[in-house]
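A quick write-up on the structure given underneath.
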Amino acid sequence: MPVGEDAGRWTTRGRCRTVLLVVHNVTSATRLLDVLPLFRDDLGVQLLATCTGSSPFQSGVAELLAEVGVPVLPWDQALHLGADLTISASFGGALHDIPGKLLVLSHGVGYNKRLPRRTVGRPDARTPGQPDVFGLAPEWVLAEGRPIADALVLSHPEQLARLRASCPEAAPTAVLAGDPCYDRILAARPRRERFRRALGVTRGQRLLLLNSTWNPESLFGDGGPDDILPLLLPRLTAELPADEYRLAAVLHPNIWHGHGPGQIRTWLDRAQRAGLTLIDPLSGWRQALIAADAVLGDFGSVSYYAAALGTPVLLGAGPLTVLGADSPVAAFVRQAPRLDPYAPLRPQLEALLANHRPLPGPARLTSSAPGRSAALLRRTFYRLMGRAEPGAPALLDPLPLPPYQPVVRTAPLRVLTGLPATGGIAVTRFATGPYEPAGEGGAHTAVHEDTLDASLADQADVILQYAAADDPRLGPPEEWSAQALERFRYCALAAYVTSPDSCTLRTRRGRLVRLTAGPRGADPAVYASALHAWLADGRSLEELSGEGMAVHTGHGTHRVAVTPLG
């Protein structure tokens with residue numbers, strides 16, 4: 001360690017100023033990671049980290065700190081370190097016992113939630129059970145009548161006004177320095193289409209992002225008047241056409257690490273098989289938010305950031321009891337449209353998108369210095385350390401491009417098809433439920449070969465597989481398709497999706513065909529279902545050999561080349 005009684009013997013650069021990052025839990029650590037690059041290239045600053053151990057959400061902290069790669073001090077040692085600057089993104093733990101300069105950041109979109117604080121060892125704190133706004137009330141910001149922090153970073157003057165009203169003793173420590181999280185989002189907006197492609201959002205598709213904060217009364221919680229999640233999840237994938245809506249979910253880190261990532265995946269297993277993608281709550285949520293066409297959320301920061309970007313937000317949960325009455329998030333919750341969990345979902349979402357008018361509050365109140373937090377924060381950091389700033393501009397890291405996460409549905413798909421008089425083939429697919437009748441067209445079932453219930457594949461009309469054409473485990477498409485038809489004797493067609501724009505299929509009569517469309521078209525399995533409907537209507541492949549197929553999904557039309565292979 002570069003600190004301690006004998007550190008001078010072992011430390012290569014021993015004359016550095018020390019900056020101690022205080023981690024409460026994974027959630028607060030994410031905001032510290034936002035500002036950590038502001039110390040880049042300064043050979044005179046040594047970064048250290050410690051964990052208060054005071055949060056009930058300790059899971060994931062050690063792994064995150066190991067990934068950051070800075071030395072981690074035990075809390076007891078940190079209390080005696082005397083760092084030149086200590087930075088925390090939470091008021092949790094005994095921050096008042098840390099010697100030296102202390103700066104506190106918000107780890108969300110300002111300070112909005114009401115949260116009672118334990119009063120053990122805090123004679124100046126209020127009585128438990130009388131919560132006030134976290135981060136602004138005396139029980140959070142004072143110790144023995146004096147401000148805990150030397151600098152309390154706020155993102156907007158409205159927070160300063162509430163601080164002055166709630167705890168005037170702490171107001172002189174306030175520093176208006178914007179919101180680094182919001183600035184990273186704003187800077188990454190030009191890359192929206194790349195983020196959408198990373199999530200496999202196709203042309204004409206809408207990305208619906210589910211979002212929940214942690215709280216019994218949140219969208220994911222079961223402590224409100226109604227536990228709507230068990231009702232909502234299967235209906236999302238059954239009522240929203242799979243090729244018109246892409247579904248993803250961002251869950252608060254305290255949900256992930258409070259219940260365990262494995263438990264979350266177990267709870268949401270059916271939804272994932274039906275097409276819901278779980279977004280990494282640390283590295284991927286902002287990119288998904290930028291990519292979203294609409295958000296189904298609650299009173300958490302992600303929903304508010306979405307509203308600040310002008311994205312339509314539908315609230316599935318919004319209790320005002322957990323929010324400060326005069327906070328911006330409370331005002332947003334009072335004005336935002338609400339989900340009726342018992343009414344059809346698709347009309348509500350289409351009305352939300354059609355009638356959306358951005359609320360002015362979130363965009364105006366999220367930050368009073370959009371794009372300038374890096375410069376303002378670094379200036380404050382170095383002023384408190386008593387060190388001159390580096391000459392290079394203060395810059396935050398750009399949001400990285402996430403890994404490619406296309407949806408692969410292994411749940412059975414109910415496929416409705418039609419041959420409109422205007423030409424082409426109309427295809428509408430739903431996962432996990434027969435919520436719409438076939439109407440005037442036909443209907444069939446398409447099932448992934450690796451579906452959970454193998455008996456469902458035995459009843460399928462179309463069998464699907466997704467892999468590279470040269471995947472040695474499956475063999476080439478012509479071999480796999482022949483084996484699939486032999487195994488599933490009642491299916492009419494086997495389709496091997498080899499890329500985002502192409503699939504190879506074999507009909508029951510043994511015809512091998514390649515279907516190819518333009519980039520960012522629909523899931524190629526849609527084209528396989530369209531061809532099945534065409535053939536089931538008594539038409540021939542030869543009729544498509546010239547101009548190919550026009551496949552209609554929702555409001556989009558995809559031109560598909562049909563190439564017989566034998």
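The chains in the structure tokens are called A, B, ... from first to last as shown; in each chain the residues are counted from 1, and the ligands are counted from 1 in the order shown.
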Check the DSSP output for the backbone and give back, as number ranges by chain, the residues of region 394-489 of chain A in strand (DSSP E or B).
A: 413-418, 425-431, 442-448, 462-466
message: Quick one: residues within 10 Å of region 461-464 of chain A, only C-alpha atoms, excluding same-chain residues fewer than 5 positions away - as a PyMOL selection string?
response: chain A and resi 409-410+412-413+415+443-451+481+484-485+488-497+503+505+507+525+528-529+532
Take the selection from the previous step and output its residues with N, CA, C and O atoms, as a compact mmCIF listing (two decimals), in the first residue's frame.
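Saved the output as result-v7.txt:
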```txt
# COMPACT_ATOMS: atom_id res chain seq x y z
N ARG A 409 -35.42 -15.10 -29.07
CA ARG A 409 -36.58 -15.61 -28.32
C ARG A 409 -36.62 -17.13 -28.42
O ARG A 409 -36.70 -17.68 -29.52
N THR A 410 -36.59 -17.79 -27.29
CA THR A 410 -36.76 -19.24 -27.28
C THR A 410 -38.16 -19.63 -26.84
O THR A 410 -38.51 -20.81 -26.89
N PRO A 412 -42.17 -19.92 -27.45
CA PRO A 412 -42.95 -20.11 -28.69
C PRO A 412 -43.55 -18.79 -29.16
O PRO A 412 -43.93 -17.94 -28.36
N LEU A 413 -43.63 -18.65 -30.46
CA LEU A 413 -44.18 -17.45 -31.07
C LEU A 413 -45.47 -17.80 -31.81
O LEU A 413 -45.50 -18.72 -32.64
N VAL A 415 -47.77 -16.68 -34.62
CA VAL A 415 -47.52 -15.87 -35.80
C VAL A 415 -48.83 -15.72 -36.58
O VAL A 415 -49.43 -16.71 -37.00
N ALA A 443 -52.63 -18.43 -39.20
CA ALA A 443 -51.85 -18.41 -37.97
C ALA A 443 -51.03 -19.69 -37.89
O ALA A 443 -51.48 -20.75 -38.32
N HIS A 444 -49.83 -19.55 -37.38
CA HIS A 444 -49.02 -20.74 -37.13
C HIS A 444 -48.11 -20.50 -35.94
O HIS A 444 -48.07 -19.38 -35.39
N THR A 445 -47.38 -21.50 -35.54
CA THR A 445 -46.48 -21.43 -34.39
C THR A 445 -45.05 -21.60 -34.85
O THR A 445 -44.74 -22.54 -35.60
N ALA A 446 -44.20 -20.69 -34.43
CA ALA A 446 -42.77 -20.79 -34.70
C ALA A 446 -42.05 -20.97 -33.38
O ALA A 446 -42.30 -20.22 -32.42
N VAL A 447 -41.16 -21.95 -33.31
CA VAL A 447 -40.52 -22.29 -32.04
C VAL A 447 -39.02 -22.48 -32.26
O VAL A 447 -38.60 -23.15 -33.21
N HIS A 448 -38.25 -21.88 -31.36
CA HIS A 448 -36.80 -22.08 -31.37
C HIS A 448 -36.50 -23.54 -31.00
O HIS A 448 -37.15 -24.12 -30.14
N GLU A 449 -35.52 -24.11 -31.66
CA GLU A 449 -35.15 -25.49 -31.40
C GLU A 449 -34.82 -25.73 -29.93
O GLU A 449 -35.06 -26.81 -29.38
N ASP A 450 -34.26 -24.71 -29.27
CA ASP A 450 -33.82 -24.85 -27.89
C ASP A 450 -34.85 -24.32 -26.90
O ASP A 450 -34.50 -23.88 -25.80
N THR A 451 -36.13 -24.36 -27.25
CA THR A 451 -37.17 -23.90 -26.34
C THR A 451 -37.16 -24.72 -25.06
O THR A 451 -36.73 -25.89 -25.06
N SER A 481 -30.90 -28.15 -41.26
CA SER A 481 -32.31 -28.08 -41.63
C SER A 481 -32.86 -29.46 -41.97
O SER A 481 -34.01 -29.78 -41.64
N ALA A 484 -33.36 -31.22 -38.70
CA ALA A 484 -34.49 -30.67 -37.96
C ALA A 484 -35.81 -31.20 -38.51
O ALA A 484 -36.72 -31.54 -37.74
N LEU A 485 -35.94 -31.28 -39.83
CA LEU A 485 -37.18 -31.78 -40.41
C LEU A 485 -37.38 -33.26 -40.10
O LEU A 485 -38.51 -33.74 -39.93
N PHE A 488 -38.36 -33.16 -36.17
CA PHE A 488 -39.67 -32.57 -35.89
C PHE A 488 -40.57 -32.87 -37.10
O PHE A 488 -40.66 -32.08 -38.04
N ARG A 489 -41.24 -33.98 -37.06
CA ARG A 489 -41.92 -34.52 -38.23
C ARG A 489 -43.20 -33.77 -38.59
O ARG A 489 -43.74 -33.97 -39.68
N TYR A 490 -43.69 -32.91 -37.69
CA TYR A 490 -44.93 -32.19 -37.99
C TYR A 490 -44.67 -30.76 -38.45
O TYR A 490 -45.61 -30.06 -38.82
N CYS A 491 -43.44 -30.32 -38.43
CA CYS A 491 -43.17 -28.94 -38.86
C CYS A 491 -43.07 -28.88 -40.39
O CYS A 491 -42.70 -29.86 -41.05
N ALA A 492 -43.44 -27.72 -40.94
CA ALA A 492 -43.45 -27.55 -42.38
C ALA A 492 -42.17 -26.94 -42.91
O ALA A 492 -41.88 -27.04 -44.11
N LEU A 493 -41.39 -26.34 -42.02
CA LEU A 493 -40.24 -25.57 -42.48
C LEU A 493 -39.24 -25.42 -41.34
O LEU A 493 -39.64 -25.21 -40.19
N ALA A 494 -37.95 -25.53 -41.64
CA ALA A 494 -36.88 -25.32 -40.66
C ALA A 494 -35.99 -24.20 -41.15
O ALA A 494 -35.49 -24.24 -42.27
N ALA A 495 -35.80 -23.18 -40.30
CA ALA A 495 -35.05 -21.98 -40.71
C ALA A 495 -33.86 -21.77 -39.79
O ALA A 495 -33.99 -21.75 -38.57
N TYR A 496 -32.70 -21.59 -40.40
CA TYR A 496 -31.43 -21.37 -39.70
C TYR A 496 -31.04 -19.91 -39.95
O TYR A 496 -30.66 -19.55 -41.07
N VAL A 497 -31.14 -19.06 -38.92
CA VAL A 497 -30.81 -17.64 -39.04
C VAL A 497 -29.30 -17.49 -38.88
O VAL A 497 -28.75 -17.75 -37.81
N CYS A 503 -31.32 -15.76 -43.61
CA CYS A 503 -31.53 -17.09 -43.06
C CYS A 503 -31.59 -18.09 -44.21
O CYS A 503 -31.90 -17.74 -45.35
N LEU A 505 -33.34 -21.82 -45.19
CA LEU A 505 -34.42 -22.69 -44.72
C LEU A 505 -34.64 -23.84 -45.68
O LEU A 505 -34.25 -23.81 -46.84
N THR A 507 -37.86 -26.52 -46.81
CA THR A 507 -39.28 -26.84 -46.71
C THR A 507 -39.47 -28.34 -46.53
O THR A 507 -38.55 -29.14 -46.75
N ALA A 525 -36.20 -14.54 -39.05
CA ALA A 525 -37.22 -15.56 -38.79
C ALA A 525 -38.59 -15.09 -39.25
O ALA A 525 -39.46 -15.92 -39.56
N ALA A 528 -38.98 -16.16 -42.77
CA ALA A 528 -39.29 -17.59 -42.85
C ALA A 528 -40.79 -17.83 -42.62
O ALA A 528 -41.41 -18.63 -43.32
N SER A 529 -41.37 -17.12 -41.65
CA SER A 529 -42.80 -17.25 -41.41
C SER A 529 -43.61 -16.73 -42.59
O SER A 529 -44.67 -17.28 -42.94
N HIS A 532 -43.55 -19.35 -45.23
CA HIS A 532 -44.45 -20.45 -44.84
C HIS A 532 -45.89 -20.09 -45.17
O HIS A 532 -46.64 -20.93 -45.70
```
With only C-alpha atoms as the basis for distance, which of A:Asp150, A:Glu63, A:Asp280, A:Asp84 is at the shortest distance from Val45 (chain A)?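 Of all the options, A:Asp84 lies closest to Val45 (chain A).
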Check: Residues at most 9 Å from region 72-75 of chain A, counting only C-alpha atoms, excluding those fewer than 3 positions away in the same chain, as an NGL selection string?
Finding: :A and (1 or 48-53 or 65-66 or 69 or 78-79)
Pull N, CA, C and O atoms from the residues just selected and write them as an mmCIF file, in the first residue's frame.
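Saved result, selection19.cif, follows:
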```cif
data_model
loop_
_atom_site.group_PDB
_atom_site.id
_atom_site.type_symbol
_atom_site.label_atom_id
_atom_site.label_comp_id
_atom_site.auth_asym_id
_atom_site.auth_seq_id
_atom_site.Cartn_x
_atom_site.Cartn_y
_atom_site.Cartn_z
ATOM 1 N N MET A 1 0.842 -1.204 0.000
ATOM 2 C CA MET A 1 0.000 0.000 0.000
ATOM 3 C C MET A 1 0.874 1.250 0.000
ATOM 4 O O MET A 1 1.918 1.294 0.644
ATOM 5 N N LEU A 48 -7.043 6.310 -3.885
ATOM 6 C CA LEU A 48 -7.279 5.212 -2.955
ATOM 7 C C LEU A 48 -8.783 5.021 -2.816
ATOM 8 O O LEU A 48 -9.566 5.906 -3.182
ATOM 9 N N ALA A 49 -9.194 3.889 -2.299
ATOM 10 C CA ALA A 49 -10.620 3.642 -2.090
ATOM 11 C C ALA A 49 -10.819 2.932 -0.769
ATOM 12 O O ALA A 49 -9.921 2.259 -0.244
ATOM 13 N N THR A 50 -12.014 3.105 -0.237
ATOM 14 C CA THR A 50 -12.412 2.394 0.971
ATOM 15 C C THR A 50 -13.914 2.196 0.942
ATOM 16 O O THR A 50 -14.615 2.846 0.149
ATOM 17 N N CYS A 51 -14.406 1.295 1.749
ATOM 18 C CA CYS A 51 -15.840 1.027 1.830
ATOM 19 C C CYS A 51 -16.286 1.195 3.268
ATOM 20 O O CYS A 51 -15.659 0.666 4.191
ATOM 21 N N THR A 52 -17.367 1.949 3.445
ATOM 22 C CA THR A 52 -17.838 2.223 4.806
ATOM 23 C C THR A 52 -18.367 0.970 5.494
ATOM 24 O O THR A 52 -18.358 0.894 6.722
ATOM 25 N N GLY A 53 -18.854 0.017 4.723
ATOM 26 C CA GLY A 53 -19.449 -1.172 5.322
ATOM 27 C C GLY A 53 -20.788 -0.918 5.970
ATOM 28 O O GLY A 53 -21.331 -1.793 6.647
ATOM 29 N N LEU A 65 -14.532 -2.725 -6.922
ATOM 30 C CA LEU A 65 -13.284 -2.067 -6.537
ATOM 31 C C LEU A 65 -12.082 -2.785 -7.137
ATOM 32 O O LEU A 65 -11.095 -2.144 -7.538
ATOM 33 N N ALA A 66 -12.150 -4.108 -7.201
ATOM 34 C CA ALA A 66 -11.048 -4.859 -7.817
ATOM 35 C C ALA A 66 -10.915 -4.502 -9.292
ATOM 36 O O ALA A 66 -9.805 -4.389 -9.823
ATOM 37 N N GLY A 69 -9.207 -1.112 -9.743
ATOM 38 C CA GLY A 69 -7.769 -1.327 -9.689
ATOM 39 C C GLY A 69 -6.981 -0.332 -8.865
ATOM 40 O O GLY A 69 -5.758 -0.253 -9.015
ATOM 41 N N ALA A 78 -8.701 3.931 6.850
ATOM 42 C CA ALA A 78 -9.116 5.159 6.166
ATOM 43 C C ALA A 78 -9.465 6.258 7.157
ATOM 44 O O ALA A 78 -9.228 7.446 6.897
ATOM 45 N N LEU A 79 -10.013 5.897 8.315
ATOM 46 C CA LEU A 79 -10.394 6.879 9.324
ATOM 47 C C LEU A 79 -9.185 7.601 9.917
ATOM 48 O O LEU A 79 -9.334 8.666 10.513
#
```
Residue nearest Gly221 (chain A) - candidates A:Leu152, A:Val70, A:Leu251, A:Leu186, atoms counted: only C-alpha atoms =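 Selected residue with least distance to Gly221 (chain A): A:Leu251.
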Contacts of Ile228 (chain A) at 10 Å (only C-alpha atoms; same-chain gap of 4+ positions) as a list in words: Leu219, Phe220, Gly221, Asp222, Gly224, Leu232, Leu233, Gly316, Ala317, Asp340, Pro341 and Tyr342 of chain A
Hey, can you spit out that residue selection with N, CA and C atoms as a PDB file, in the first residue's frame?
```
ATOM      1  N   LEU A 219     -41.641   0.023  -9.238  1.00  0.00           N
ATOM      2  CA  LEU A 219     -42.264  -0.817 -10.250  1.00  0.00           C
ATOM      3  C   LEU A 219     -41.946  -2.285 -10.020  1.00  0.00           C
ATOM      4  N   PHE A 220     -40.734  -2.582  -9.584  1.00  0.00           N
ATOM      5  CA  PHE A 220     -40.322  -3.963  -9.348  1.00  0.00           C
ATOM      6  C   PHE A 220     -40.767  -4.463  -7.981  1.00  0.00           C
ATOM      7  N   GLY A 221     -41.173  -3.548  -7.099  1.00  0.00           N
ATOM      8  CA  GLY A 221     -41.482  -3.921  -5.723  1.00  0.00           C
ATOM      9  C   GLY A 221     -42.870  -4.518  -5.567  1.00  0.00           C
ATOM     10  N   ASP A 222     -43.084  -5.121  -4.388  1.00  0.00           N
ATOM     11  CA  ASP A 222     -44.386  -5.720  -4.086  1.00  0.00           C
ATOM     12  C   ASP A 222     -45.023  -5.091  -2.846  1.00  0.00           C
ATOM     13  N   GLY A 224     -46.516  -1.935  -2.787  1.00  0.00           N
ATOM     14  CA  GLY A 224     -47.568  -0.964  -3.070  1.00  0.00           C
ATOM     15  C   GLY A 224     -48.953  -1.569  -2.920  1.00  0.00           C
ATOM     16  N   LEU A 232     -47.841  -7.764 -15.299  1.00  0.00           N
ATOM     17  CA  LEU A 232     -47.306  -6.952 -16.386  1.00  0.00           C
ATOM     18  C   LEU A 232     -46.342  -7.717 -17.279  1.00  0.00           C
ATOM     19  N   LEU A 233     -45.448  -8.496 -16.701  1.00  0.00           N
ATOM     20  CA  LEU A 233     -44.367  -9.105 -17.475  1.00  0.00           C
ATOM     21  C   LEU A 233     -44.866 -10.000 -18.608  1.00  0.00           C
ATOM     22  N   GLY A 316     -45.367   3.327 -14.072  1.00  0.00           N
ATOM     23  CA  GLY A 316     -46.049   2.156 -13.551  1.00  0.00           C
ATOM     24  C   GLY A 316     -46.165   2.183 -12.051  1.00  0.00           C
ATOM     25  N   ALA A 317     -45.387   3.044 -11.407  1.00  0.00           N
ATOM     26  CA  ALA A 317     -45.447   3.230  -9.952  1.00  0.00           C
ATOM     27  C   ALA A 317     -44.942   4.635  -9.655  1.00  0.00           C
ATOM     28  N   ASP A 340     -52.207   2.137 -16.734  1.00  0.00           N
ATOM     29  CA  ASP A 340     -53.320   1.359 -16.180  1.00  0.00           C
ATOM     30  C   ASP A 340     -52.965  -0.105 -16.395  1.00  0.00           C
ATOM     31  N   PRO A 341     -52.521  -0.808 -15.349  1.00  0.00           N
ATOM     32  CA  PRO A 341     -52.020  -2.173 -15.550  1.00  0.00           C
ATOM     33  C   PRO A 341     -53.101  -3.168 -15.952  1.00  0.00           C
ATOM     34  N   TYR A 342     -54.369  -2.771 -15.826  1.00  0.00           N
ATOM     35  CA  TYR A 342     -55.450  -3.705 -16.132  1.00  0.00           C
ATOM     36  C   TYR A 342     -56.069  -3.446 -17.506  1.00  0.00           C
TER      37      TYR A 342
END
```
For region 201-204 of chain A, please output as a short mmCIF file (atom, residue, chain, number, x, y, z; two decimals) with N, CA and C atoms, in the first residue's frame all residues within 9 Å (counting only C-alpha atoms; exclusion window: fewer than 2 positions along the same chain).
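Output file result-v3.cif follows:
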```cif
data_model
loop_
_atom_site.label_atom_id
_atom_site.label_comp_id
_atom_site.auth_asym_id
_atom_site.auth_seq_id
_atom_site.Cartn_x
_atom_site.Cartn_y
_atom_site.Cartn_z
N PHE A 195 -26.12 2.73 -30.45
CA PHE A 195 -26.63 2.04 -29.26
C PHE A 195 -27.85 1.19 -29.61
N ARG A 196 -28.70 1.69 -30.51
CA ARG A 196 -29.87 0.92 -30.94
C ARG A 196 -29.43 -0.33 -31.70
N ARG A 197 -28.43 -0.18 -32.55
CA ARG A 197 -27.95 -1.35 -33.28
C ARG A 197 -27.33 -2.37 -32.32
N ALA A 198 -26.66 -1.88 -31.28
CA ALA A 198 -26.07 -2.80 -30.29
C ALA A 198 -27.14 -3.65 -29.62
N LEU A 199 -28.33 -3.11 -29.47
CA LEU A 199 -29.44 -3.85 -28.86
C LEU A 199 -30.28 -4.58 -29.90
N ARG A 206 -39.71 -0.07 -32.11
CA ARG A 206 -39.62 0.86 -30.99
C ARG A 206 -39.00 0.13 -29.80
N LEU A 207 -38.04 0.79 -29.17
CA LEU A 207 -37.41 0.21 -27.98
C LEU A 207 -38.13 0.72 -26.75
N ASP A 243 -42.05 -7.81 -33.43
CA ASP A 243 -41.25 -7.12 -34.44
C ASP A 243 -41.54 -5.63 -34.50
N GLU A 244 -42.41 -5.16 -33.62
CA GLU A 244 -42.71 -3.74 -33.52
C GLU A 244 -42.15 -3.14 -32.24
N TYR A 245 -41.94 -3.98 -31.22
CA TYR A 245 -41.43 -3.50 -29.94
C TYR A 245 -40.25 -4.36 -29.49
N ARG A 246 -39.15 -3.72 -29.21
CA ARG A 246 -37.98 -4.34 -28.59
C ARG A 246 -38.04 -4.00 -27.12
N ALA A 291 -31.01 5.09 -26.30
CA ALA A 291 -31.58 4.35 -27.43
C ALA A 291 -33.09 4.22 -27.36
N PRO A 406 -28.45 -8.83 -29.56
CA PRO A 406 -29.70 -9.03 -30.29
C PRO A 406 -30.63 -9.93 -29.49
N VAL A 407 -31.90 -9.78 -29.71
CA VAL A 407 -32.86 -10.62 -29.00
C VAL A 407 -32.92 -11.99 -29.67
N PRO A 519 -29.83 -4.36 -44.54
CA PRO A 519 -29.35 -4.23 -43.17
C PRO A 519 -30.39 -3.58 -42.27
N ARG A 520 -30.42 -4.01 -41.03
CA ARG A 520 -31.33 -3.51 -39.99
C ARG A 520 -32.79 -3.76 -40.35
N GLY A 521 -33.02 -4.82 -41.15
CA GLY A 521 -34.38 -5.23 -41.40
C GLY A 521 -34.94 -5.98 -40.20
N ALA A 522 -36.01 -6.71 -40.43
CA ALA A 522 -36.62 -7.47 -39.33
C ALA A 522 -35.78 -8.69 -39.00
N ASP A 523 -36.13 -9.35 -37.90
CA ASP A 523 -35.55 -10.65 -37.57
C ASP A 523 -35.80 -11.57 -38.77
N THR A 553 -44.23 -5.75 -41.49
CA THR A 553 -44.29 -5.91 -40.03
C THR A 553 -44.62 -4.56 -39.43
N GLY A 554 -45.81 -4.44 -38.87
CA GLY A 554 -46.20 -3.16 -38.31
C GLY A 554 -46.24 -2.10 -39.39
N HIS A 555 -45.47 -1.01 -39.17
CA HIS A 555 -45.43 0.08 -40.14
C HIS A 555 -44.27 -0.07 -41.13
N GLY A 556 -43.52 -1.16 -41.03
CA GLY A 556 -42.36 -1.33 -41.89
C GLY A 556 -42.60 -2.36 -42.98
N THR A 557 -41.95 -2.15 -44.12
CA THR A 557 -41.98 -3.10 -45.22
C THR A 557 -40.55 -3.48 -45.57
#
```
With only C-alpha atoms as the basis for distance, which of A:Ile425, A:Val175, A:Leu565, A:Leu38 is at the shortest distance from Leu103 (chain A)?
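Under the stated criterion, the closest residue is A:Val175.
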**OP:** Quick one: everything within 9 Å of Leu359 (chain A), counting only C-alpha atoms, minus sequence neighbours fewer than 5 positions away in the same chain. Send it as a PyMOL selection string.
**Re:** chain A and resi 307-308+310+332+335-336
Contact residues around Ser499 (chain A) with only C-alpha atoms at 9 Å, ignoring same-chain residues under 2 positions, as a PyMOL selection string: chain A and resi 466-469+497+501-503+524
Could you save those same residues with all heavy atoms as a compact mmCIF listing (two decimals), in the first residue's frame?
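Once everything was written out, this is result.txt:
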```
# COMPACT_ATOMS: atom_id res chain seq x y z
N TYR A 466 -30.58 -20.06 -34.39
CA TYR A 466 -29.75 -18.87 -34.64
C TYR A 466 -28.30 -19.23 -34.38
O TYR A 466 -27.93 -19.60 -33.26
CB TYR A 466 -30.15 -17.72 -33.72
CG TYR A 466 -31.53 -17.14 -33.95
CD1 TYR A 466 -32.67 -17.83 -33.56
CD2 TYR A 466 -31.69 -15.89 -34.54
CE1 TYR A 466 -33.94 -17.30 -33.76
CE2 TYR A 466 -32.95 -15.34 -34.74
CZ TYR A 466 -34.08 -16.06 -34.35
OH TYR A 466 -35.32 -15.53 -34.55
N ALA A 467 -27.46 -19.09 -35.38
CA ALA A 467 -26.03 -19.34 -35.21
C ALA A 467 -25.32 -18.92 -36.48
O ALA A 467 -25.94 -18.68 -37.52
CB ALA A 467 -25.76 -20.82 -34.91
N ALA A 468 -24.00 -18.85 -36.40
CA ALA A 468 -23.21 -18.56 -37.58
C ALA A 468 -23.30 -19.74 -38.56
O ALA A 468 -23.45 -20.90 -38.14
CB ALA A 468 -21.75 -18.31 -37.20
N ALA A 469 -23.20 -19.45 -39.83
CA ALA A 469 -23.34 -20.50 -40.84
C ALA A 469 -22.26 -21.57 -40.71
O ALA A 469 -22.48 -22.72 -41.11
CB ALA A 469 -23.31 -19.88 -42.24
N VAL A 497 -31.14 -19.06 -38.92
CA VAL A 497 -30.81 -17.64 -39.04
C VAL A 497 -29.30 -17.49 -38.88
O VAL A 497 -28.75 -17.75 -37.81
CB VAL A 497 -31.56 -16.80 -37.99
CG1 VAL A 497 -31.17 -15.33 -38.11
CG2 VAL A 497 -33.07 -16.96 -38.17
N ASP A 501 -29.44 -10.30 -41.25
CA ASP A 501 -30.23 -10.01 -42.44
C ASP A 501 -30.49 -11.23 -43.32
O ASP A 501 -30.98 -11.09 -44.44
CB ASP A 501 -29.57 -8.91 -43.27
CG ASP A 501 -28.18 -9.31 -43.76
OD1 ASP A 501 -27.72 -10.42 -43.44
OD2 ASP A 501 -27.54 -8.50 -44.46
N SER A 502 -30.17 -12.43 -42.83
CA SER A 502 -30.28 -13.59 -43.71
C SER A 502 -30.59 -14.87 -42.95
O SER A 502 -30.19 -15.03 -41.79
CB SER A 502 -28.97 -13.77 -44.49
OG SER A 502 -29.04 -14.88 -45.35
N CYS A 503 -31.32 -15.76 -43.61
CA CYS A 503 -31.53 -17.09 -43.06
C CYS A 503 -31.59 -18.09 -44.21
O CYS A 503 -31.90 -17.74 -45.35
CB CYS A 503 -32.79 -17.16 -42.20
SG CYS A 503 -34.33 -17.05 -43.12
N PRO A 524 -34.75 -12.17 -39.35
CA PRO A 524 -34.97 -13.03 -40.53
C PRO A 524 -35.95 -14.16 -40.30
O PRO A 524 -36.50 -14.70 -41.28
CB PRO A 524 -33.56 -13.55 -40.82
CG PRO A 524 -32.65 -12.48 -40.31
CD PRO A 524 -33.32 -11.98 -39.07
```
Problem set entry | Residues of region 347-390 of chain A in alpha helix (DSSP H), written as JSON, numbers by chain | {"A": [347, 348, 349, 350, 351, 352, 353, 354, 355, 360, 361, 362, 363, 364, 365, 373, 374, 375, 376, 377, 378, 379, 380, 381, 382, 383, 384, 385]}
Selected residues, C-alpha atoms, written as a CSV table (one decimal), in the first residue's frame, please.
```csv
chain,number,residue,atom,x,y,z
A,347,PRO,CA,-53.1,1.4,-27.0
A,348,GLN,CA,-51.6,3.0,-23.9
A,349,LEU,CA,-48.1,3.0,-25.4
A,350,GLU,CA,-49.2,4.2,-28.8
A,351,ALA,CA,-51.2,7.0,-27.2
A,352,LEU,CA,-48.1,7.9,-25.1
A,353,LEU,CA,-46.0,8.1,-28.2
A,354,ALA,CA,-48.6,10.0,-30.3
A,355,ASN,CA,-49.5,12.6,-27.6
A,360,PRO,CA,-40.2,21.4,-19.2
A,361,GLY,CA,-39.2,20.7,-15.6
A,362,PRO,CA,-36.8,17.7,-16.0
A,363,ALA,CA,-34.7,19.3,-18.8
A,364,ARG,CA,-34.5,22.6,-16.9
A,365,LEU,CA,-33.8,21.3,-13.4
A,373,SER,CA,-19.6,19.6,-14.8
A,374,ALA,CA,-16.1,18.2,-15.6
A,375,ALA,CA,-14.5,21.7,-15.4
A,376,LEU,CA,-16.5,22.8,-12.4
A,377,LEU,CA,-15.8,19.6,-10.4
A,378,ARG,CA,-12.1,19.4,-11.2
A,379,ARG,CA,-11.7,23.0,-10.2
A,380,THR,CA,-13.4,22.2,-6.8
A,381,PHE,CA,-11.3,19.0,-6.3
A,382,TYR,CA,-8.0,20.8,-6.8
A,383,ARG,CA,-9.0,23.8,-4.8
A,384,LEU,CA,-9.8,21.6,-1.8
A,385,MET,CA,-6.5,19.7,-2.2
```
Expressed in Å, the length from CA of Val295 (chain A) to CA of Gly262 (chain A) is 24.5 Å
Between CA of Lys101 (chain A) and CA of Gly386 (chain A) - distance in Å to one decimal: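 So the two atoms, CA of Gly386 (chain A) and CA of Lys101 (chain A), lie 10.4 Å apart.
As for CA of Ala170 (chain A) and CA of Pro147 (chain A), they are spaced 5.3 Å apart.
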